[in-house]
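Reproduced below: coords.cif, with mmCIF, C-alpha atoms.
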data_start
loop_
_atom_site.label_atom_id
_atom_site.label_comp_id
_atom_site.auth_asym_id
_atom_site.auth_seq_id
_atom_site.Cartn_x
_atom_site.Cartn_y
_atom_site.Cartn_z
CA MET O 1 91.13 72.96 95.84
CA VAL O 2 94.32 74.79 96.68
CA THR O 3 97.43 74.02 94.70
CA SER O 4 100.82 74.88 96.14
CA TYR O 5 103.46 75.60 93.56
CA ALA O 6 106.36 76.09 95.92
CA ASN O 7 106.50 74.89 99.46
CA ASP O 8 108.29 76.32 102.45
CA GLU O 9 111.45 74.31 102.08
CA HIS O 10 114.64 76.27 102.48
CA HIS O 11 116.30 77.11 99.24
CA PRO O 12 119.97 76.09 99.30
CA THR O 13 121.19 79.44 98.08
CA GLY O 14 118.66 81.70 99.75
CA ARG O 15 115.57 83.14 98.13
CA PRO O 16 115.75 82.86 94.35
CA ALA O 17 115.96 86.21 92.59
CA TRP O 18 112.93 85.46 90.44
CA LEU O 19 110.59 85.22 93.45
CA ARG O 20 109.06 88.33 94.97
CA PRO O 21 111.01 89.40 98.05
CA ASP O 22 108.83 89.15 101.15
CA ALA O 23 110.93 91.36 103.43
CA VAL O 24 110.41 94.48 101.34
CA LEU O 25 107.61 97.03 101.44
CA PRO O 26 107.23 97.98 97.77
CA ALA O 27 106.49 101.41 96.36
CA MET O 28 103.09 101.48 94.66
CA LEU O 29 102.14 102.90 91.29
CA THR O 30 98.59 103.11 89.95
CA PRO O 31 99.06 103.32 86.19
CA ASP O 32 95.36 102.77 85.30
CA LEU O 33 96.32 100.77 82.24
CA MET O 34 93.36 99.44 80.27
CA LEU O 35 94.60 96.80 77.84
CA ALA O 36 91.24 95.87 76.43
CA HIS O 37 87.59 96.82 76.93
CA THR O 38 85.03 95.11 74.75
CA GLY O 39 81.31 94.68 75.15
CA ASP O 40 81.93 91.53 77.18
CA VAL O 41 85.30 91.72 78.87
CA ALA O 42 87.83 94.21 80.22
CA VAL O 43 91.53 93.64 80.88
CA CYS O 44 93.47 96.10 83.00
CA ILE O 45 96.59 96.59 85.11
CA PRO O 46 95.47 98.75 88.03
CA LEU O 47 98.56 98.36 90.19
CA LEU O 48 102.32 98.10 89.88
CA SER O 49 104.55 97.50 92.92
CA ALA O 50 108.20 98.45 92.62
CA TYR O 51 110.85 96.43 94.44
CA PRO O 52 114.62 97.04 94.55
CA ALA O 53 115.32 94.44 91.85
CA GLY O 54 112.02 93.94 90.06
CA PHE O 55 108.36 94.86 90.00
CA GLU O 56 105.03 93.22 90.54
CA LEU O 57 102.03 93.78 88.32
CA GLU O 58 98.40 93.02 88.96
CA LEU O 59 96.48 91.84 85.94
CA VAL O 60 92.70 91.93 86.30
CA VAL O 61 90.21 90.39 83.89
CA ILE O 62 86.56 91.30 84.34
CA ALA O 63 83.84 89.52 82.38
CA ARG O 64 80.46 91.15 81.96
CA THR O 65 78.73 87.86 82.64
CA ASP O 66 79.83 84.92 84.72
CA VAL O 67 81.68 82.62 82.32
CA GLY O 68 82.40 80.08 85.00
CA GLU O 69 85.68 78.32 85.47
CA ARG O 70 86.73 78.94 81.87
CA LEU O 71 87.95 82.35 82.95
CA ILE O 72 90.20 80.87 85.62
CA TRP O 73 91.70 78.33 83.27
CA ALA O 74 92.16 80.89 80.51
CA LEU O 75 94.51 82.77 82.82
CA HIS O 76 96.51 79.66 83.76
CA PRO O 77 97.63 78.32 80.39
CA SER O 78 100.60 76.43 81.83
CA HIS O 79 98.71 74.58 84.51
CA SER O 80 98.79 70.82 84.12
CA ARG O 81 95.14 70.46 85.10
CA ARG O 82 93.82 72.84 82.48
CA PRO O 83 90.88 71.05 80.82
CA SER O 84 91.90 69.38 77.58
CA SER O 85 88.66 70.60 76.03
CA MET O 86 89.92 74.18 76.04
CA THR O 87 91.01 75.44 72.66
CA VAL O 88 94.10 77.49 71.92
CA GLU O 89 91.86 80.46 71.17
CA GLU O 90 90.48 80.33 74.73
CA ILE O 91 93.90 80.90 76.28
CA PHE O 92 94.59 84.43 77.45
CA ARG O 93 98.07 85.42 76.27
CA PHE O 94 100.01 88.08 78.13
CA ALA O 95 103.56 89.35 77.75
CA VAL O 96 105.92 91.97 79.13
CA LEU O 97 108.37 93.53 76.68
CA TYR O 98 111.42 95.58 77.68
CA ALA O 99 112.92 98.36 75.57
CA ASP O 100 116.04 96.25 74.95
CA GLY O 101 113.98 93.48 73.37
CA ARG O 102 113.78 91.07 76.28
CA ALA O 103 110.33 89.58 76.82
CA ALA O 104 108.49 87.23 79.16
CA THR O 105 105.09 85.63 78.68
CA ASN O 106 102.49 83.79 80.71
CA LEU O 107 102.99 80.83 78.40
CA GLU O 108 106.41 80.12 79.86
CA GLN O 109 106.13 80.73 83.56
CA HIS O 110 108.87 80.13 86.08
CA LEU O 111 107.69 78.22 89.11
CA GLY O 112 110.86 77.51 90.99
CA LEU O 113 112.85 76.99 87.83
CA ALA O 114 115.99 78.88 86.90
CA PRO O 115 115.41 81.66 84.40
CA GLY O 116 116.39 81.28 80.79
CA ALA O 117 119.30 82.83 79.02
CA GLN O 118 117.59 86.20 78.80
CA GLY O 119 117.40 86.41 82.59
CA LEU O 120 113.96 88.03 82.47
CA THR O 121 111.30 86.16 84.41
CA MET O 122 107.61 86.72 85.09
CA THR O 123 106.58 84.52 88.00
CA PRO O 124 103.05 84.32 89.41
CA SER O 125 102.89 85.55 93.00
CA SER O 126 99.21 84.97 93.64
CA SER O 127 95.84 84.83 92.00
CA GLY O 128 92.23 85.18 92.93
CA SER O 129 88.84 84.91 91.34
CA ALA O 130 85.20 85.63 91.88
CA PRO O 131 82.30 85.16 89.48
CA GLY O 132 83.15 87.19 86.39
CA ASN O 133 86.33 88.59 87.87
CA SER O 134 89.78 87.03 87.95
CA GLY O 135 93.19 88.41 88.74
CA MET O 136 96.80 87.37 88.47
CA VAL O 137 99.77 88.95 90.20
CA TYR O 138 103.17 88.48 88.57
CA TYR O 139 106.62 89.36 89.85
CA VAL O 140 108.88 90.47 87.00
CA GLN O 141 112.64 90.70 87.38
CA PRO O 142 115.09 92.26 86.83
CA LEU O 143 114.01 95.89 86.66
CA PRO O 144 113.42 97.18 83.13
CA PRO O 145 115.96 99.37 81.34
CA PRO O 146 115.00 102.99 80.65
CA GLY O 147 112.60 103.39 77.77
CA PRO O 148 109.14 102.09 77.01
CA LEU O 149 107.83 99.15 79.01
CA THR O 150 105.20 97.36 76.96
CA PHE O 151 102.37 95.11 78.12
CA ILE O 152 100.81 92.94 75.45
CA CYS O 153 97.70 90.80 75.53
CA GLU O 154 95.71 88.72 73.08
CA TRP O 155 92.58 86.68 73.63
CA PRO O 156 91.07 85.39 70.38
CA ALA O 157 88.07 83.70 72.00
CA GLN O 158 86.99 87.03 73.43
CA GLY O 159 87.61 88.98 70.25
CA ILE O 160 90.71 90.69 71.61
CA ALA O 161 93.41 90.98 68.95
CA GLU O 162 97.02 91.63 69.96
CA THR O 163 96.91 94.82 72.00
CA ARG O 164 99.84 96.84 73.36
CA VAL O 165 100.02 99.53 76.01
CA GLU O 166 103.18 101.26 77.17
CA ILE O 167 104.41 103.15 80.18
CA ASP O 168 107.72 104.88 80.75
CA ALA O 169 109.94 102.39 82.61
CA GLN O 170 111.52 105.33 84.43
CA ARG O 171 108.42 105.50 86.62
CA ILE O 172 109.19 102.02 87.95
CA LEU O 173 112.91 102.72 88.23
CA ASP O 174 112.22 105.86 90.27
CA ALA O 175 109.69 104.07 92.46
CA SER O 176 112.07 101.18 93.10
CA THR O 177 114.32 103.51 95.08
CA ARG O 178 111.44 104.17 97.46
CA ALA O 179 110.92 100.51 98.33
CA VAL O 180 111.67 99.81 101.99
CA ARG O 181 113.71 96.83 103.16
CA LEU O 182 111.97 95.83 106.39
CA TRP O 183 114.92 94.23 108.15
CA PRO O 184 118.67 94.59 107.55
CA GLU O 185 119.50 90.89 107.48
CA HIS O 186 117.39 90.54 104.34
CA GLU O 187 119.58 92.72 102.17
CA GLY O 188 119.04 90.21 99.41
CA GLY O 189 115.46 91.33 99.47
CA GLY O 190 113.81 88.35 100.98
CA VAL O 191 113.63 85.55 103.38
CA VAL O 192 114.52 82.00 102.54
CA THR O 193 111.08 80.52 102.23
CA SER O 194 108.37 81.05 99.73
CA SER O 195 104.94 79.88 98.87
CA PHE O 196 102.46 80.44 96.11
CA GLU O 197 98.96 79.17 96.51
CA VAL O 198 96.05 79.48 94.20
CA GLY O 199 92.62 77.95 94.14
CA PHE O 200 91.61 75.86 91.18
CA PRO O 201 88.39 74.08 90.42
CA ASP O 202 88.34 70.48 91.60
CA GLU O 203 86.55 69.22 88.53
CA GLU O 204 86.77 69.85 84.87
CA PRO O 205 84.25 72.50 83.84
CA ASN O 206 80.97 71.42 82.35
CA PRO O 207 81.12 72.39 78.67
CA GLU O 208 77.51 73.54 78.89
CA GLN O 209 78.53 76.11 81.48
CA GLY O 210 81.64 77.26 79.71
CA GLY O 211 81.97 80.69 78.18
CA VAL K 212 96.67 101.60 98.17
CA PHE K 213 92.90 101.93 98.43
CA ARG K 214 90.67 100.71 95.59
CA VAL K 215 87.78 103.09 95.37
CA TYR K 216 84.43 102.15 93.86
CA PRO K 217 81.27 104.24 93.61
CA ALA K 218 79.74 102.71 96.74
CA GLY K 219 82.69 101.51 98.80
CA PHE K 220 86.38 100.79 98.82
CA GLY K 221 88.88 98.00 99.21
CA PHE K 222 92.24 97.76 100.88
CA HIS K 223 95.03 95.23 101.20
CA LEU K 224 96.53 94.09 104.49
CA ALA K 225 100.11 92.74 104.27
CA LEU K 226 101.54 91.08 107.36
CA ARG K 227 105.25 90.16 107.31
CA LEU K 228 107.24 88.17 109.86
CA ARG K 229 110.96 88.66 110.32
CA VAL K 230 111.52 84.99 111.13
CA PRO K 231 109.71 81.90 109.86
CA ASP K 232 106.30 81.21 111.35
CA GLU K 233 107.16 77.96 113.06
CA ASP K 234 104.52 78.17 115.79
CA GLY K 235 101.50 78.85 113.60
CA ARG K 236 101.00 82.47 114.62
CA LEU K 237 99.88 83.44 111.12
CA SER K 238 97.21 80.76 111.09
CA TRP K 239 95.76 82.01 114.34
CA ALA K 240 96.03 85.59 113.13
CA LEU K 241 94.11 84.68 109.99
CA ARG K 242 91.39 82.91 111.93
CA GLY K 243 91.05 85.96 114.10
CA LEU K 244 90.66 88.18 111.05
CA LEU K 245 88.00 85.87 109.68
CA ASP K 246 86.23 85.69 113.03
CA ASP K 247 86.61 81.93 112.75
CA PRO K 248 84.93 80.24 115.72
CA ARG K 249 87.79 77.73 115.73
CA GLY K 250 90.15 80.56 116.60
CA GLY K 251 92.82 79.90 119.15
CA PRO K 252 93.66 81.87 122.27
CA SER K 253 92.24 85.37 121.99
CA ASN K 254 95.69 86.90 122.35
CA ASP K 255 96.79 85.22 119.11
CA ALA K 256 94.10 86.83 116.97
CA PHE K 257 95.00 89.74 114.74
CA ARG K 258 92.46 92.45 115.50
CA LEU K 259 91.53 94.91 112.81
CA ALA K 260 88.98 97.70 112.95
CA VAL K 261 87.83 100.47 110.64
CA ALA K 262 86.45 103.68 112.16
CA TYR K 263 84.62 106.53 110.42
CA ALA K 264 84.52 110.16 111.52
CA ASP K 265 80.81 109.91 112.37
CA GLY K 266 81.47 107.25 114.97
CA ARG K 267 80.64 104.17 112.95
CA VAL K 268 83.10 101.39 113.68
CA ALA K 269 83.51 97.89 112.25
CA PRO K 270 85.30 96.12 115.10
CA LYS K 271 85.70 92.87 113.23
CA VAL K 272 85.24 91.52 109.77
CA GLY K 273 82.89 88.95 108.39
CA HIS K 274 79.47 90.61 108.50
CA ARG K 275 77.38 88.83 105.93
CA CYS K 276 73.94 90.35 106.44
CA PRO K 277 72.95 93.24 104.16
CA PRO K 278 73.91 96.29 106.21
CA ASP K 279 71.97 99.47 106.70
CA PRO K 280 74.33 102.01 105.11
CA ASP K 281 73.04 104.80 107.34
CA ARG K 282 73.87 102.91 110.49
CA ASP K 283 76.21 100.03 109.75
CA LEU K 284 79.74 99.74 108.52
CA MET K 285 80.69 96.47 106.88
CA VAL K 286 84.22 95.13 106.42
CA SER K 287 84.29 91.87 104.47
CA PRO K 288 87.26 89.64 103.67
CA GLU K 289 87.68 89.11 99.94
CA GLY K 290 90.63 86.76 99.73
CA ALA K 291 93.72 85.73 101.58
CA GLY K 292 97.01 83.94 101.13
CA ALA K 293 99.62 82.89 103.64
CA GLY K 294 103.13 81.52 103.42
CA GLY K 295 106.08 80.96 105.70
CA HIS K 296 106.59 84.63 106.53
CA THR K 297 103.62 86.31 104.99
CA LEU K 298 99.91 86.86 105.33
CA ASP K 299 98.08 88.91 102.69
CA MET K 300 94.42 89.71 102.82
CA ASP K 301 92.02 91.94 100.89
CA PHE K 302 88.98 93.63 102.40
CA TRP K 303 85.90 95.34 101.04
CA VAL K 304 84.42 98.19 103.06
CA TYR K 305 80.85 99.47 102.61
CA PRO K 306 79.54 102.15 102.48
CA MET K 307 81.91 105.01 101.65
CA PRO K 308 83.16 107.05 104.60
CA PRO K 309 81.90 110.54 105.40
CA PRO K 310 84.34 113.45 105.15
CA GLY K 311 86.87 113.52 107.98
CA PRO K 312 89.48 111.14 109.29
CA LEU K 313 89.26 107.48 108.31
CA ALA K 314 91.05 105.30 110.86
CA LEU K 315 92.49 101.81 110.51
CA ILE K 316 93.28 100.20 113.84
CA CYS K 317 95.12 96.96 114.50
CA GLU K 318 96.45 94.98 117.44
CA TRP K 319 98.28 91.65 117.47
CA ARG K 320 99.61 90.61 120.84
CA ALA K 321 101.10 87.38 119.51
CA GLY K 322 103.26 89.51 117.23
CA ALA K 323 104.05 92.05 119.97
CA VAL K 324 102.06 94.68 118.09
CA PRO K 325 100.21 96.98 120.51
CA GLU K 326 97.07 98.80 119.42
CA SER K 327 98.16 100.96 116.50
CA ARG K 328 96.11 103.52 114.63
CA VAL K 329 96.69 105.21 111.29
CA GLU K 330 94.43 107.81 109.74
CA ILE K 331 93.93 109.23 106.29
CA ASP K 332 91.66 111.99 105.08
CA ALA K 333 88.51 110.30 103.77
CA GLN K 334 88.18 113.11 101.24
CA ARG K 335 90.93 111.43 99.22
CA LEU K 336 88.70 108.39 98.78
CA LEU K 337 85.62 110.49 98.08
CA ASP K 338 87.53 112.39 95.39
CA ALA K 339 88.91 109.18 93.85
CA ARG K 340 85.38 107.81 93.51
CA ALA K 341 84.83 110.12 90.56
CA ARG K 342 87.64 108.37 88.66
CA ALA K 343 86.10 104.88 88.94
CA VAL K 344 85.15 103.57 85.50
CA GLN K 345 81.76 102.02 84.84
CA LEU K 346 82.66 99.25 82.39
CA TRP K 347 79.12 98.39 81.34
CA PRO K 348 75.65 99.61 82.25
CA GLU K 349 74.27 97.98 85.36
CA PRO K 350 71.66 95.33 84.43
CA GLU K 351 68.79 97.54 85.56
CA ASP K 352 70.09 100.35 83.36
CA VAL K 353 70.01 98.30 80.16
CA GLN K 354 67.32 99.54 77.83
CA PRO K 355 64.99 96.86 76.40
#

Represent the supplied structure as structure tokens.
Amino acid sequence: MVTSYANDEHHPTGRPAWLRPDAVLPAMLTPDLMLAHTGDVAVCIPLLSAYPAGFELELVVIARTDVGERLIWALHPSHSRRPSSMTVEEIFRFAVLYADGRAATNLEQHLGLAPGAQGLTMTPSSSGSAPGNSGMVYYVQPLPPPGPLTFICEWPAQGIAETRVEIDAQRILDASTRAVRLWPEHEGGGVVTSSFEVGFPDEEPNPEQGG
Amino acid sequence: VFRVYPAGFGFHLALRLRVPDEDGRLSWALRGLLDDPRGGPSNDAFRLAVAYADGRVAPKVGHRCPPDPDRDLMVSPEGAGAGGHTLDMDFWVYPMPPPGPLALICEWRAGAVPESRVEIDAQRLLDARARAVQLWPEPEDVQP
């Protein structure tokens, strides 16, 4: 099944700032960040894409064995169709922390909603999965302030305690100046439509097949 | 950005339209990339090819049979997403290229894109292969 979070309707005020701009060719960074690597699972951020007003991060979770649909649901804690049988410990928690104290987490995602008072949003752009391998792509805006940019994850069911890795936010700030706006009429960074599609299982997972 | 593994590599294709796709061009482009038999007029298909320095060429994607790495070049789609202005698609290429130029070629007449070719030095991918991380021993490597 494919679930569409945002359709192609025109937004009354143009493309919202918290959605990834489509009319920009981002500058790529390969930070090779390994957040966790246990005997059964690895969590990494292999790619960052810098945009003029934000950045996109790719979060990849690789399981040593196929744990079935539990892996997909673990990465989508806010989804309304997440099986009720999943425990809190099975939810993968992920956060981005700026040097000025602002933070965004995957437990409070923005899907077409206005950002909160902090103004920092982390919105899913896309996702994909294969047996034992699942990835999420998030667009984070605005750009971070200079200083450490911290990625935090925690996954109790997989034995991953709260883990932090940092990069120098200046790398993203420098890269953002190399992003290319494809067409001049999209100075705001994007076009006025958006879509986000992701595949989800049609049925609740069989507990006997869960990880 | 190329994702380099010990035996092959992946790359991401991003297609962007300046104006909304009101006539379904992206859908036909996607079907062309997937070699979908329900594809529309041939001119609407997005054509993508990968060419190695030794003459091996994958003129279209979607080969599903186990290839002979000495003779064949396989380009497989790994996932795709499309919206009003965008088409994004990931590909897996097997085996690794030999030293020399690695060419990516595309043509999309429906988008007024003539045959275009870009090349990179395959040595960059061959060098990057050494930095791939083996997360766990392969099953056959596990000691009893």

TODO: Name the closest residue to chain O among the candidates K:Asp265, K:Asp332, K:Asp301, K:Asp283; distances are taken between atoms, counting all atoms listed in the file.
DONE: K:Asp301

Open item on the list: Based on all atoms listed in the file, which of the residues in chain K come within 12 Å of chain O? I want them as a ChimeraX atom specification.
Closed with: /K:212-215,223-233,289-301,342-350

- [ ] I would like the residues chosen by the PyMOL selection byres ((chain O and resi 106) around 8) on the shown file; could you give them as a PyMOL selection string?
- [x] chain O and resi 76-78+93-95+104-105+107-109+122

Task: K:Leu315 environment, 12 Å, all atoms listed in the file, sequence neighbours closer than 3 positions dropped, as JSON, numbers by chain - done: {"K": [222, 223, 224, 258, 259, 260, 261, 262, 263, 264, 268, 269, 270, 271, 286, 304, 312, 318, 326, 327, 328, 329, 330, 331, 332, 333]}

- [ ] Would you work out the distance separating atom CA of O:Ser176 from atom CA of O:Pro142, expressed in Å to one decimal?
- [x] 11.3 Å

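With atom CA of O:Val88 on one side and atom CA of O:Glu69 on the other, the separation reads 16.0 Å.
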
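Atom CA of O:Leu149 lies 28.0 Å from atom CA of K:Ala341.
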